[in-house]
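This report refers to the structure that appears directly beneath it.
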4 protein chains.
Amino acid sequence: MNNIKVGMIGYKFMGKAHSHAYRDLPLFFPNTVHPEMKVICGRNPEGVAEAAKQFGWEEYTTDWKELIQRDDIDLIDINAPSDVHKEITIAAAKAGKHVFCEKPLALTLEDSREMLEVVEAAGVKHMVGFNYRFAPAVMLAKKLIDEGRLGDIYHFRAWFLQDWLIDPNFPLAWRLQKEIAGSGSHGDLGAHLIDLAHYLIGDMTEVIGMSETFIKQRPITTGTSGLSAGGSDENAEKGEVTVDDATLFLTRFANGALGSFEATRYAAGHRCTNSFEINGSKGSVIFDFERMNELQVYFTDDRDDVQGFRRVLATDPAHAFAENWWPPGHTIGYEHTFIHEVVELMEAFKEDRQPVPNFRDGVKCQQVLEAVDRSIEKRQWIKVSDV
Amino acid sequence: MNNIKVGMIGYKFMGKAHSHAYRDLPLFFPNTVHPEMKVICGRNPEGVAEAAKQFGWEEYTTDWKELIQRDDIDLIDINAPSDVHKEITIAAAKAGKHVFCEKPLALTLEDSREMLEVVEAAGVKHMVGFNYRFAPAVMLAKKLIDEGRLGDIYHFRAWFLQDWLIDPNFPLAWRLQKEIAGSGSHGDLGAHLIDLAHYLIGDMTEVIGMSETFIKQRPITTGTSGLSAGGSDENAEKGEVTVDDATLFLTRFANGALGSFEATRYAAGHRCTNSFEINGSKGSVIFDFERMNELQVYFTDDRDDVQGFRRVLATDPAHAFAENWWPPGHTIGYEHTFIHEVVELMEAFKEDRQPVPNFRDGVKCQQVLEAVDRSIEKRQWIKVSDV
Amino acid sequence: MNNIKVGMIGYKFMGKAHSHAYRDLPLFFPNTVHPEMKVICGRNPEGVAEAAKQFGWEEYTTDWKELIQRDDIDLIDINAPSDVHKEITIAAAKAGKHVFCEKPLALTLEDSREMLEVVEAAGVKHMVGFNYRFAPAVMLAKKLIDEGRLGDIYHFRAWFLQDWLIDPNFPLAWRLQKEIAGSGSHGDLGAHLIDLAHYLIGDMTEVIGMSETFIKQRPITTGTSGLSAGGSDENAEKGEVTVDDATLFLTRFANGALGSFEATRYAAGHRCTNSFEINGSKGSVIFDFERMNELQVYFTDDRDDVQGFRRVLATDPAHAFAENWWPPGHTIGYEHTFIHEVVELMEAFKEDRQPVPNFRDGVKCQQVLEAVDRSIEKRQWIKVSDV
Amino acid sequence: MNNIKVGMIGYKFMGKAHSHAYRDLPLFFPNTVHPEMKVICGRNPEGVAEAAKQFGWEEYTTDWKELIQRDDIDLIDINAPSDVHKEITIAAAKAGKHVFCEKPLALTLEDSREMLEVVEAAGVKHMVGFNYRFAPAVMLAKKLIDEGRLGDIYHFRAWFLQDWLIDPNFPLAWRLQKEIAGSGSHGDLGAHLIDLAHYLIGDMTEVIGMSETFIKQRPITTGTSGLSAGGSDENAEKGEVTVDDATLFLTRFANGALGSFEATRYAAGHRCTNSFEINGSKGSVIFDFERMNELQVYFTDDRDDVQGFRRVLATDPAHAFAENWWPPGHTIGYEHTFIHEVVELMEAFKEDRQPVPNFRDGVKCQQVLEAVDRSIEKRQWIKVSDV
């Protein structure tokens with residue numbers, strides 16, 4: 001097995017997370033294929049040069065088109081803003097490169113479908129960055145469901161609550177502009193919940209949603225990135241927020257379960273509450289990303305005097321990836337989800353298969369996002385298969 | 001101030017809770033009007049005789065029509081099954097009696113409206129049994145909102161999760177029969193959430209819901225009451241469950257907040273999770289009835305290095321009703337919500353005003369219940385004011 | 001079985017709790033012997049008259065010596081301040097009355113031993129008020145230990161944390177005066193922990209302790225009672241605090257377990273954290289009175305991927321006393337521990353046996369309290385059997 | 001500023017943690033001095049060769065004496081078993097190398113004092129590996145105390161609970177042999193608590209302790225490392241456990257606070273509960289390493305109706321190191337404490353000062369460990385300054 005030579009496009013929040021994953025993987029997962037950090041690419045020459053040095057890339061470039069043509073690159077990692085995912089993916093796949101693309105795949109379902117077609121036609125490997133699947137506690141939930149230990153699933157309820165927009169003078173960052181971000185809380189946070197639902201429960205058949213933009217005008221700013229922004233000046237000129245601040249929807253799953261979803265950036269006190277609960281005929285689980293090492297687990301067949309939710313710390317040898325880290329009880333953090341994600345990608349190279357989640361999952365997520373949007377616009381239930 | 005002489009109809013789960021409230025009130029609330037436990041009424045002579053003795057009523061009867069005509073009765077307390085609420089209320093009000101009726105007021109919105117008209121025309125006092133308003137932690141949430149300490153309200157999400165129907169052989173109790181119970185989880189559990197939403201947030205403008213009956217046939221049984229039932233025999237003849245096992249809905253409030261509701265009896269591990277969260281521009285609160293003495297409270301203006309949800313134990317002198325009980329940290333339980341409820345009723349007598357919540361609140365709740373039912377039937381958003 | 005006719009001496013905090021227990025018992029426990037609330041006794045005629053009316057006693061008196069001679073009294077309940085327990089107990093027992101005495105039995109071990117001798121010689125029933133044994137979650141811990149489900153016990157650690165003395169201007173209440181209270185946090189709070197340890201783990205063999213009075217002078221006041229006090233005036237004349245603010249000790253149990261105890265009134269944020277943890281070879285339990293309906297339970301033989309502390313809500317039919325209350329998940333509070341305690345007392349009458357805990361337990365607790373005091377004074381380990 | 005060239009001795013659990021810290025530091029802390037991973041050293045040539053490759057060291061060697069003489073090495077990192085710390089430290093310091101030594105410094109207080117003398121005489125920088133100081137939530141506790149926001153400190157209670165020895169057939173690993181490990185739970189776990197107490201509260205004046213070895217014989221094994229061990233064979237020959245399984249002690253601090261400590265490897269259900277609580281006149285804090293991103297914080301001057309422990313997630317910009325990681329709410333894990341530790345070491349190079357904690361802290365910790373041991377042996381209080 002040879003190393004996989006990576007060219008990465010994007011160097012902000014996700015660029016840092018991916019770089020770190022590539023960098024740490026060989027230390028903790030010595031027995032899989034390893035990534036080689038060849039080239040990092042960005043629009044700003046100074047910024048990308050600094051990132052290359054800080055993150056540990058051999059080279060940097062500002063020309064992604066040249067990058068994807070290089071013979072010494074196997075994999076293109078795309079974590080630039082969402083509006084450029086499509087063009088880069090298509091060009092990279094046509095150049096025979098494998099593609100690892102951050103979510104959301106594209107700004108529209110149509111675009112994401114085109115991307116899927118192209119990567120499949122090109123016969124390359126493709127992965128989409130739904131990193132939360134890779135928290136060991138989430139993987140434990142998946143295992144319990146797959147082994148039938150929760151029985152038939154009745155309920156899935158999920159909410160992704162953040163509060164970084166509570167301040168009305170927080171500026172009009174790119175994540176608040178539809179033409180760049182595509183969507184607001186729905187596409188950013190809701191997308192993760194939808195993917196977790198697909199992973200854990202399966203397909204949805206129909207949806208109906210509701211959304212709101214609570215603060216419609218925000219100060220225009222320059223130079224924001226990630227979740228932070230440069231200064232909050234209440235006298236600054238204001239521009240329109242063109243994405244949703246919060247989106248909720250109800251759904252039915254193909255297996256008969258009922259689903260409830262909520263994504264918001266206005267839940268004071270919640271920094272990153274990516275949380276779900278699943279109730280089945282034999283048990284339940286509860287996950288909250290702010291305590292990402294834990295899964296609350298309940299079984300109906302526990303002895304009658306000691307029934308209760310167990311706080312399982314997913315750091316034991318019995319838990320996914322745990323033995324590659326530290327002794328039981330020594331927890332891991334946010335960044336580890338990316339390392340596990342890249343492990344899956346490397347294993348896919350090792351076993352010559354598609355990684356999971358891949359573009360099929362990305363498209364499926366986008367389909368639900370768009371079905372919800374349509375249900376909001378039309379104010380009626382929408383069949384997912386109709387979009 | 002004279003004592004209030006009570007005649008009570010019903011003697012099961014709620015009958016016990018109300019009796020206890022009347023019995024304990026004078027001990028802990030010596031400075032208000034006191035109830036006098038005169039007559040208890042039920043259909044089964046032996047059952048009601050035993051209840052009278054156990055609960056501490058002076059007399060018992062099986063004839064509610066005679067009871068409501070007695071001159072020595074001021075107040076009729078109705079906690080018999082929901083299908084008889086209307087007839088008794090109307091007769092009692094016409095006989096000039098004050099009425100304290102358990103929720104739901106009636107099986108239909110139309111009936112509940114008629115009941116409201118009659119009690120108002122009769123000029124009697126009327127109260128409806130939404131006891132959860134009277135948990136001190138819930139009252140603290142109300143206070144924080146009323147004083148503006150949570151700012152503008154963005155989100156209200158609430159769920160009432162129980163699990164007593166998880167066993168498919170749990171019998172076809174009266175609560176599972178539409179002609180007696182009127183509704184399933186929606187009218188039983190959802191009604192409490194809707195009333196809490198009205199109390200805390202205000203009116204809803206439109207709703208859309210979804211519901212399901214997961215297990216459609218259950219063993220026919222005799223002699224069930226309350227939440228328990230006589231035996232669970234898998235070979236027994238089966239009958240159809242005619243109410244919902246779970247109902248979810250989304251809503252918009254008149255003040256612009258978004259709401260999400262879920263009521264289910266299939267959430268394994270949740271015995272009585274009556275829970276809500278409210279997010280506002282200045283703070284948030286979280287309540288869970290299984291820890292009913294606690295309110296989680298967050299303020300956005302806490303110093304930046306010590307922001308976090310506070311676990312407030314609502315047992316301090318600063319909290320409603322707390323000084324009538326025990327020193328700080330000495331908690332109270334489920335039954336205390338009924339005592340507080342009756343304190344409100346007695347205070348209404350003392351101050352000669354309508355108690356709160358009264359039949360107007362009961363009708364308002366029923367209106368939302370019915371709007372949700374209609375939205376499910378028609379598969380579309382329903383304006384609450386249209387029903 | 002006849003009712004038990006009660007004469008009660010004391011009418012403050014504990015008097016209210018006991019009265020309520022007598023009053024509520026017949027409603028929730030119809031099938032045992034019932035108490036009859038005959039006479040309440042106190043020094044202040046107006047105060048005791050008002051208490052009689054409020055609490056529901058048939059008569060009141062200010063003369064306890066007369067009370068204990070009455071033929072129509074079976075049981076004397078003593079919850080007056082600790083310094084009068086001994087005299088009343090001895091007189092009552094000699095008059096042939098059964099005695100239910102609040103903890104601590106007396107101000108000294110010697111006195112409590114004398115009391116035990118007298119009640120045993122008199123052949124009356126005797127009970128001591130260690131109410132925390134009667135929280136269903138605590139009884140679940142006891143059951144798990146007795147059934148061997150925690151295996152061999154290695155550790156018992158317990159702390160009773162309160163914070164009502166944090167304010168340096170809180171006045172010099174009777175609980176801070178050695179001649180009335182006998183002891184401070186040690187005898188008030190620590191005594192409960194010691195009794196729980198005896199109940200759950202068994203005898204202690206040796207102890208070593210440490211104590212401190214953090215604030216040595218406090219404003220002199222008049223008219224304090226219970227845990228509250230009349231006003232906090234920083235200009236008031238000050239008197240010396242003669243009891244401990246906090247006492248800690250280490251111990252070895254006869255069964256080989258190691259114990260750690262801490263009682264304090266200076267733990268900011270803890271209103272009533274009466275908490276213990278037990279670790280055994282097969283499992284562990286954790287209890288916190290501020291969440292008194294819950295027991296955290298861990299078993300080493302749970303399947304390896306779902307090991308974790310379970311949050312057991314002790315409100316199921318499988319739990320002690322629970323079926324006499326409400327459906328699962330409907331919690332109870334502080335006052336219910338007293339009701340359960342009186343149920344045990346009434347059952348003892350029904351079965352003609354000594355109730356548990358009785359004066360033997362009271363003496364055993366006092367013996368450890370005194371051993372700890374001696375270990376502090378002598379600055380060395382003290383064998384419990386030596387005091 | 002030049003990079004610091006590191007030679008590291010030891011390559012097991014701590015070796016991995018340190019290597020990772022060196023490797024990740026430049027990515028997340030670009031603006032400090034950076035370590036250069038030059039040489040890794042171990043006794044087993046194959047093992048150390050593999051570690052070098054996996055961890056990312058340029059070279060490896062089996063000869064530590066040669067290593068410390070190399071001109072191209074600035075810093076010697078010692079994380080080999082405790083019995084070799086002293087010899088290596090002294091030789092390295094005499095060779096003019098800076099030393100970063102894992103805790104405990106040595107097997108005895110005397111040895112650790114000698115080590116301190118030598119490094120001070122040599123004028124090199126010295127650091128000891130008390131990594132738990134570097135959890136941002138712990139640093140927040142320190143900040144609150146230093147700013148007086150908790151007022152006068154009354155109580156410090158700490159417990160380090162693990163359960164990896166619950167199985168009686170867990171083998172006789174090196175950590176259970178006094179001649180290699182020096183001490184059991186006391187030196188391994190208790191040492192961390194003692195250092196946290198020194199960091200947060202200050203010096204202790206006197207101590208009294210108690211310890212136990214619950215399981216005195218364990219299967220002899222070969223080839224164990226870290227906290228795990230090769231197989232658990234109940235038929236294997238057994239050897240004597242020569243260290244403590246659990247040690248508890250009480251203490252007084254110089255500032256008047258009372259302290260309680262417990263370290264055990266027999267607390268079923270606790271994988272790594274390194275926890276402390278501090279109560280002061282103005283507030284309290286609670287930390288538990290299993291939820292290492294959180295600090296529970298209570299202030300006595302919070303408004304009277306919203307007093308309660310706040311769950312502060314120490315991931316905001318206001319918290320130490322947090323801005324170098326991820327957005328608020330995106331948590332970090334165990335390994336990050338080592339990265340922060342190394343940041344402190346690198347900053348010390350940058351600012352040309354001693355890092356903290358250094359060998360003075362290591363000696364101070366050892367002094368308390370030994371005072372406790374002596375108090376156990378002599379069964380009496382021991383003044384810390386007397387050892």
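Each chain in the structure tokens gets a letter, A, B and so on, in the order shown; residues start at 1 in every chain, and ligands are counted from 1 in the order they appear.
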Practice item. Using only C-alpha atoms, find the residues of chain B whose closest atom to chain D is at most 8 Å away, then write them as a VMD selection string. Key: chain B and resid 140 297 304 to 314 316 318 to 319
Check your understanding: Near Ile88 of chain B, within 8 Å and counting only C-alpha atoms, which residues show up once chain neighbours fewer than 6 positions away are dropped, as a ChimeraX atom specification?
Key -> /B:64-65,78
Check your understanding: Within 6 Å of Met8 of chain C, counting only C-alpha atoms, which residues qualify if same-chain residues fewer than 2 places away don't, as a list in words?
Key ->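 Counting only C-alpha atoms, the residues come to Ile40, Cys41, Ile76 and Asp77 of chain C.
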Could you turn the residues from that selection into a file that holds N, CA and C atoms, as a PDB file, in the first residue's frame?
```pdb
ATOM      1  N   ILE C  40     -50.828  17.945  71.092  1.00  0.00           N
ATOM      2  CA  ILE C  40     -49.528  18.547  70.771  1.00  0.00           C
ATOM      3  C   ILE C  40     -49.117  19.409  71.963  1.00  0.00           C
ATOM      4  N   CYS C  41     -47.807  19.416  72.235  1.00  0.00           N
ATOM      5  CA  CYS C  41     -47.331  20.099  73.442  1.00  0.00           C
ATOM      6  C   CYS C  41     -46.159  21.024  73.121  1.00  0.00           C
ATOM      7  N   ILE C  76     -45.381   8.785  72.609  1.00  0.00           N
ATOM      8  CA  ILE C  76     -44.871  10.147  72.750  1.00  0.00           C
ATOM      9  C   ILE C  76     -43.857  10.400  71.639  1.00  0.00           C
ATOM     10  N   ASP C  77     -44.132  11.449  70.882  1.00  0.00           N
ATOM     11  CA  ASP C  77     -43.240  11.859  69.783  1.00  0.00           C
ATOM     12  C   ASP C  77     -42.480  13.087  70.263  1.00  0.00           C
TER      13      ASP C  77
END
```
Using only C-alpha atoms, find each residue in segment 272-356 of chain B having at least one atom no more than 10 Å away from segment 275-293 of chain C; report its shortest atom-to-atom pair and that distance in Å (one decimal), rows by chain then rising number, as JSON lines.
```
{"residue": "B:Glu290", "atom": "CA", "partner": "C:Asn293", "partner_atom": "CA", "distance": 8.9}
{"residue": "B:Arg291", "atom": "CA", "partner": "C:Arg291", "partner_atom": "CA", "distance": 7.2}
{"residue": "B:Met292", "atom": "CA", "partner": "C:Arg291", "partner_atom": "CA", "distance": 9.6}
{"residue": "B:Asn293", "atom": "CA", "partner": "C:Arg291", "partner_atom": "CA", "distance": 8.7}
{"residue": "B:Glu294", "atom": "CA", "partner": "C:Arg291", "partner_atom": "CA", "distance": 9.4}
{"residue": "B:Leu313", "atom": "CA", "partner": "C:Glu290", "partner_atom": "CA", "distance": 8.4}
{"residue": "B:Pro328", "atom": "CA", "partner": "C:Glu290", "partner_atom": "CA", "distance": 9.9}
{"residue": "B:Gly329", "atom": "CA", "partner": "C:Glu290", "partner_atom": "CA", "distance": 6.1}
{"residue": "B:His330", "atom": "CA", "partner": "C:Glu290", "partner_atom": "CA", "distance": 7.0}
{"residue": "B:Thr331", "atom": "CA", "partner": "C:Glu290", "partner_atom": "CA", "distance": 6.9}
{"residue": "B:Ile332", "atom": "CA", "partner": "C:Met292", "partner_atom": "CA", "distance": 9.9}
{"residue": "B:Gly333", "atom": "CA", "partner": "C:Asn293", "partner_atom": "CA", "distance": 9.4}
```
Atoms kept (N, CA, C and O atoms) for selection, written as a short mmCIF file (atom, residue, chain, number, x, y, z; two decimals), in the first residue's frame:
```cif
data_model
loop_
_atom_site.label_atom_id
_atom_site.label_comp_id
_atom_site.auth_asym_id
_atom_site.auth_seq_id
_atom_site.Cartn_x
_atom_site.Cartn_y
_atom_site.Cartn_z
N GLU B 290 -39.30 15.26 35.54
CA GLU B 290 -38.68 14.21 36.35
C GLU B 290 -37.69 14.79 37.37
O GLU B 290 -37.31 14.11 38.31
N ARG B 291 -37.25 16.03 37.12
CA ARG B 291 -36.48 16.78 38.13
C ARG B 291 -37.22 18.09 38.38
O ARG B 291 -36.69 19.18 38.11
N MET B 292 -38.43 17.97 38.87
CA MET B 292 -39.37 19.08 38.89
C MET B 292 -38.98 20.24 39.80
O MET B 292 -39.51 21.33 39.67
N ASN B 293 -38.05 20.01 40.72
CA ASN B 293 -37.62 21.11 41.58
C ASN B 293 -36.57 22.00 40.92
O ASN B 293 -36.16 23.00 41.49
N GLU B 294 -36.13 21.62 39.74
CA GLU B 294 -35.02 22.33 39.11
C GLU B 294 -35.46 23.10 37.87
O GLU B 294 -36.30 22.63 37.10
N LEU B 313 -32.38 25.31 42.01
CA LEU B 313 -33.31 24.49 42.79
C LEU B 313 -34.37 25.45 43.32
O LEU B 313 -34.06 26.32 44.14
N PRO B 328 -34.53 25.52 52.21
CA PRO B 328 -33.94 25.36 50.88
C PRO B 328 -33.29 23.99 50.68
O PRO B 328 -32.66 23.46 51.59
N GLY B 329 -33.47 23.44 49.51
CA GLY B 329 -32.85 22.17 49.17
C GLY B 329 -33.67 20.96 49.57
O GLY B 329 -33.33 19.84 49.20
N HIS B 330 -34.73 21.18 50.33
CA HIS B 330 -35.62 20.08 50.73
C HIS B 330 -36.76 20.07 49.72
O HIS B 330 -37.67 20.90 49.79
N THR B 331 -36.72 19.10 48.83
CA THR B 331 -37.57 19.17 47.64
C THR B 331 -39.01 18.72 47.88
O THR B 331 -39.32 18.07 48.87
N ILE B 332 -39.85 19.09 46.93
CA ILE B 332 -41.24 18.65 46.94
C ILE B 332 -41.49 17.75 45.72
O ILE B 332 -40.58 17.52 44.92
N GLY B 333 -42.72 17.23 45.60
CA GLY B 333 -43.00 16.24 44.56
C GLY B 333 -44.22 16.55 43.73
O GLY B 333 -44.76 17.66 43.75
#
```
**Study point:** Selection near Val124 of chain D, 12 Å with only C-alpha atoms, sequence-local residues under 2 positions removed, as an MDAnalysis selection string
**Key:** chainID D and resid 74:76 89:90 92:100 115:122 126:127 348:349 352:355 358:359
Would you export the selected residues with N, CA and C atoms as a short mmCIF file (atom, residue, chain, number, x, y, z; two decimals), in the first residue's frame, please?
```cif
data_model
loop_
_atom_site.label_atom_id
_atom_site.label_comp_id
_atom_site.auth_asym_id
_atom_site.auth_seq_id
_atom_site.Cartn_x
_atom_site.Cartn_y
_atom_site.Cartn_z
N ASP D 74 18.61 19.91 22.99
CA ASP D 74 18.45 20.95 24.01
C ASP D 74 17.74 20.45 25.26
N LEU D 75 16.78 19.56 25.01
CA LEU D 75 15.84 19.19 26.08
C LEU D 75 15.72 17.68 26.15
N ILE D 76 15.84 17.15 27.37
CA ILE D 76 15.59 15.72 27.58
C ILE D 76 14.21 15.55 28.22
N THR D 89 17.82 12.15 35.00
CA THR D 89 17.72 13.60 35.23
C THR D 89 19.07 14.18 35.63
N ILE D 90 19.70 13.51 36.57
CA ILE D 90 20.96 14.06 37.08
C ILE D 90 22.03 14.08 36.00
N ALA D 92 21.52 14.16 32.78
CA ALA D 92 21.16 15.12 31.74
C ALA D 92 21.48 16.54 32.18
N ALA D 93 21.09 16.87 33.41
CA ALA D 93 21.34 18.22 33.90
C ALA D 93 22.83 18.52 33.93
N LYS D 94 23.57 17.52 34.38
CA LYS D 94 25.02 17.74 34.42
C LYS D 94 25.60 17.90 33.03
N ALA D 95 24.93 17.34 32.06
CA ALA D 95 25.35 17.53 30.67
C ALA D 95 24.80 18.83 30.09
N GLY D 96 24.13 19.61 30.93
CA GLY D 96 23.65 20.92 30.49
C GLY D 96 22.34 20.89 29.75
N LYS D 97 21.64 19.77 29.82
CA LYS D 97 20.36 19.69 29.13
C LYS D 97 19.22 20.17 30.04
N HIS D 98 18.24 20.81 29.41
CA HIS D 98 17.00 21.08 30.11
C HIS D 98 16.24 19.76 30.28
N VAL D 99 15.44 19.68 31.33
CA VAL D 99 14.77 18.41 31.63
C VAL D 99 13.27 18.59 31.82
N PHE D 100 12.50 17.76 31.12
CA PHE D 100 11.05 17.69 31.30
C PHE D 100 10.77 16.26 31.76
N MET D 115 17.38 15.62 42.97
CA MET D 115 17.18 16.00 41.57
C MET D 115 16.99 17.51 41.44
N LEU D 116 16.21 18.06 42.36
CA LEU D 116 15.98 19.51 42.31
C LEU D 116 17.29 20.27 42.49
N GLU D 117 18.07 19.82 43.48
CA GLU D 117 19.36 20.48 43.72
C GLU D 117 20.23 20.47 42.48
N VAL D 118 20.28 19.32 41.84
CA VAL D 118 21.15 19.20 40.67
C VAL D 118 20.69 20.09 39.53
N VAL D 119 19.39 20.08 39.22
CA VAL D 119 18.94 20.91 38.09
C VAL D 119 19.12 22.39 38.40
N GLU D 120 18.95 22.76 39.67
CA GLU D 120 19.14 24.17 40.01
C GLU D 120 20.62 24.55 39.92
N ALA D 121 21.45 23.66 40.41
CA ALA D 121 22.88 23.93 40.33
C ALA D 121 23.34 24.02 38.87
N ALA D 122 22.74 23.19 38.03
CA ALA D 122 23.13 23.18 36.63
C ALA D 122 22.59 24.37 35.87
N HIS D 126 13.62 23.15 34.11
CA HIS D 126 13.08 21.85 34.55
C HIS D 126 11.57 21.96 34.69
N MET D 127 10.91 20.91 34.25
CA MET D 127 9.45 20.87 34.31
C MET D 127 9.04 19.48 34.77
N ALA D 348 8.31 29.16 28.29
CA ALA D 348 9.39 29.38 29.24
C ALA D 348 10.72 29.57 28.51
N PHE D 349 10.90 28.81 27.43
CA PHE D 349 12.11 29.03 26.62
C PHE D 349 12.05 30.41 25.98
N ASP D 352 12.63 32.91 28.57
CA ASP D 352 13.78 32.55 29.39
C ASP D 352 13.48 32.58 30.90
N ARG D 353 12.57 31.77 31.30
CA ARG D 353 12.20 31.63 32.71
C ARG D 353 11.96 30.14 32.99
N GLN D 354 11.77 29.80 34.24
CA GLN D 354 11.41 28.43 34.57
C GLN D 354 9.94 28.18 34.20
N PRO D 355 9.67 27.03 33.62
CA PRO D 355 8.26 26.68 33.40
C PRO D 355 7.59 26.33 34.74
N ASN D 358 7.32 23.08 37.91
CA ASN D 358 8.69 22.59 37.74
C ASN D 358 9.08 21.69 38.91
N PHE D 359 10.37 21.40 39.02
CA PHE D 359 10.80 20.42 40.02
C PHE D 359 10.48 20.84 41.46
#
```
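Every protein or nucleic acid residue with an atom no more than 10 Å from Ala52 of chain A, counting only C-alpha atoms and leaving out same-chain residues fewer than 5 positions away, appears here: Tyr11, Ser19, Met37, Lys38, Val39, Ile40, Cys41, Gly42, Glu46, Gly47, Trp57, Glu58, Glu59, Tyr60 and Thr61 of chain A; Leu27 of chain D.
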Take the residues that were just selected and, keeping N, CA, C and O atoms, output them as a compact mmCIF listing (two decimals), in the first residue's frame.
```txt
# COMPACT_ATOMS: atom_id res chain seq x y z
N TYR A 11 -8.45 26.66 3.45
CA TYR A 11 -7.49 26.63 4.56
C TYR A 11 -7.98 27.39 5.80
O TYR A 11 -7.20 27.86 6.59
N SER A 19 -6.40 19.29 7.95
CA SER A 19 -4.94 19.21 8.02
C SER A 19 -4.51 18.45 9.26
O SER A 19 -3.64 17.57 9.23
N MET A 37 0.77 14.98 3.01
CA MET A 37 0.30 16.36 2.89
C MET A 37 1.14 17.10 1.85
O MET A 37 2.07 17.80 2.19
N LYS A 38 0.73 16.99 0.58
CA LYS A 38 1.55 17.55 -0.51
C LYS A 38 1.32 19.05 -0.71
O LYS A 38 2.22 19.85 -0.53
N VAL A 39 0.10 19.41 -1.13
CA VAL A 39 -0.13 20.80 -1.56
C VAL A 39 -1.41 21.35 -0.94
O VAL A 39 -2.43 20.68 -0.92
N ILE A 40 -1.33 22.58 -0.47
CA ILE A 40 -2.51 23.28 0.01
C ILE A 40 -2.76 24.46 -0.93
O ILE A 40 -1.81 25.09 -1.41
N CYS A 41 -4.04 24.73 -1.19
CA CYS A 41 -4.38 25.74 -2.18
C CYS A 41 -5.39 26.73 -1.62
O CYS A 41 -6.34 26.34 -0.93
N GLY A 42 -5.18 28.03 -1.92
CA GLY A 42 -6.12 29.06 -1.50
C GLY A 42 -5.99 30.29 -2.37
O GLY A 42 -4.99 30.42 -3.11
N GLU A 46 -0.63 35.06 0.54
CA GLU A 46 0.01 35.14 1.86
C GLU A 46 -0.67 34.22 2.87
O GLU A 46 -0.02 33.53 3.65
N GLY A 47 -1.98 34.26 2.83
CA GLY A 47 -2.74 33.41 3.76
C GLY A 47 -2.42 31.95 3.58
O GLY A 47 -2.17 31.22 4.54
N TRP A 57 1.99 21.48 5.30
CA TRP A 57 1.93 21.04 3.90
C TRP A 57 3.27 21.30 3.23
O TRP A 57 3.90 22.31 3.49
N GLU A 58 3.63 20.42 2.32
CA GLU A 58 4.92 20.58 1.64
C GLU A 58 4.97 21.82 0.76
O GLU A 58 5.97 22.52 0.71
N GLU A 59 3.89 22.04 0.02
CA GLU A 59 3.83 23.17 -0.91
C GLU A 59 2.50 23.89 -0.77
O GLU A 59 1.55 23.36 -0.23
N TYR A 60 2.43 25.07 -1.40
CA TYR A 60 1.15 25.73 -1.51
C TYR A 60 1.02 26.30 -2.90
O TYR A 60 2.01 26.49 -3.61
N THR A 61 -0.24 26.60 -3.28
CA THR A 61 -0.50 27.20 -4.58
C THR A 61 -1.77 28.03 -4.49
O THR A 61 -2.58 27.84 -3.59
N LEU D 27 0.99 23.38 14.90
CA LEU D 27 -0.23 23.62 14.14
C LEU D 27 -1.15 24.57 14.89
O LEU D 27 -1.71 25.50 14.31
```
Practice item. To one decimal in Å, tell me the separation between atom CA of Asn324 of chain B and atom CA of His336 of chain C. Key: 15.8 Å
Exercise for review: Extract, using only C-alpha atoms, all DNA, RNA and protein residues at most 8 Å from Val368 of chain C, discarding same-chain residues fewer than 6 positions from it, and format them as a list in words.
Suggested key: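 Surrounding residues, per the criterion: Ile194, Met204, Val207 and Val384 of chain C.
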Practice item. Enumerate, as a ChimeraX atom specification, the complete set of residues in segment 28-248 of chain A that a backbone-based DSSP assignment places in helix (DSSP H, G or I). Key: /A:28,45-55,64-67,82-94,109-122,131-134,136-146,174-176,178-181,185-200
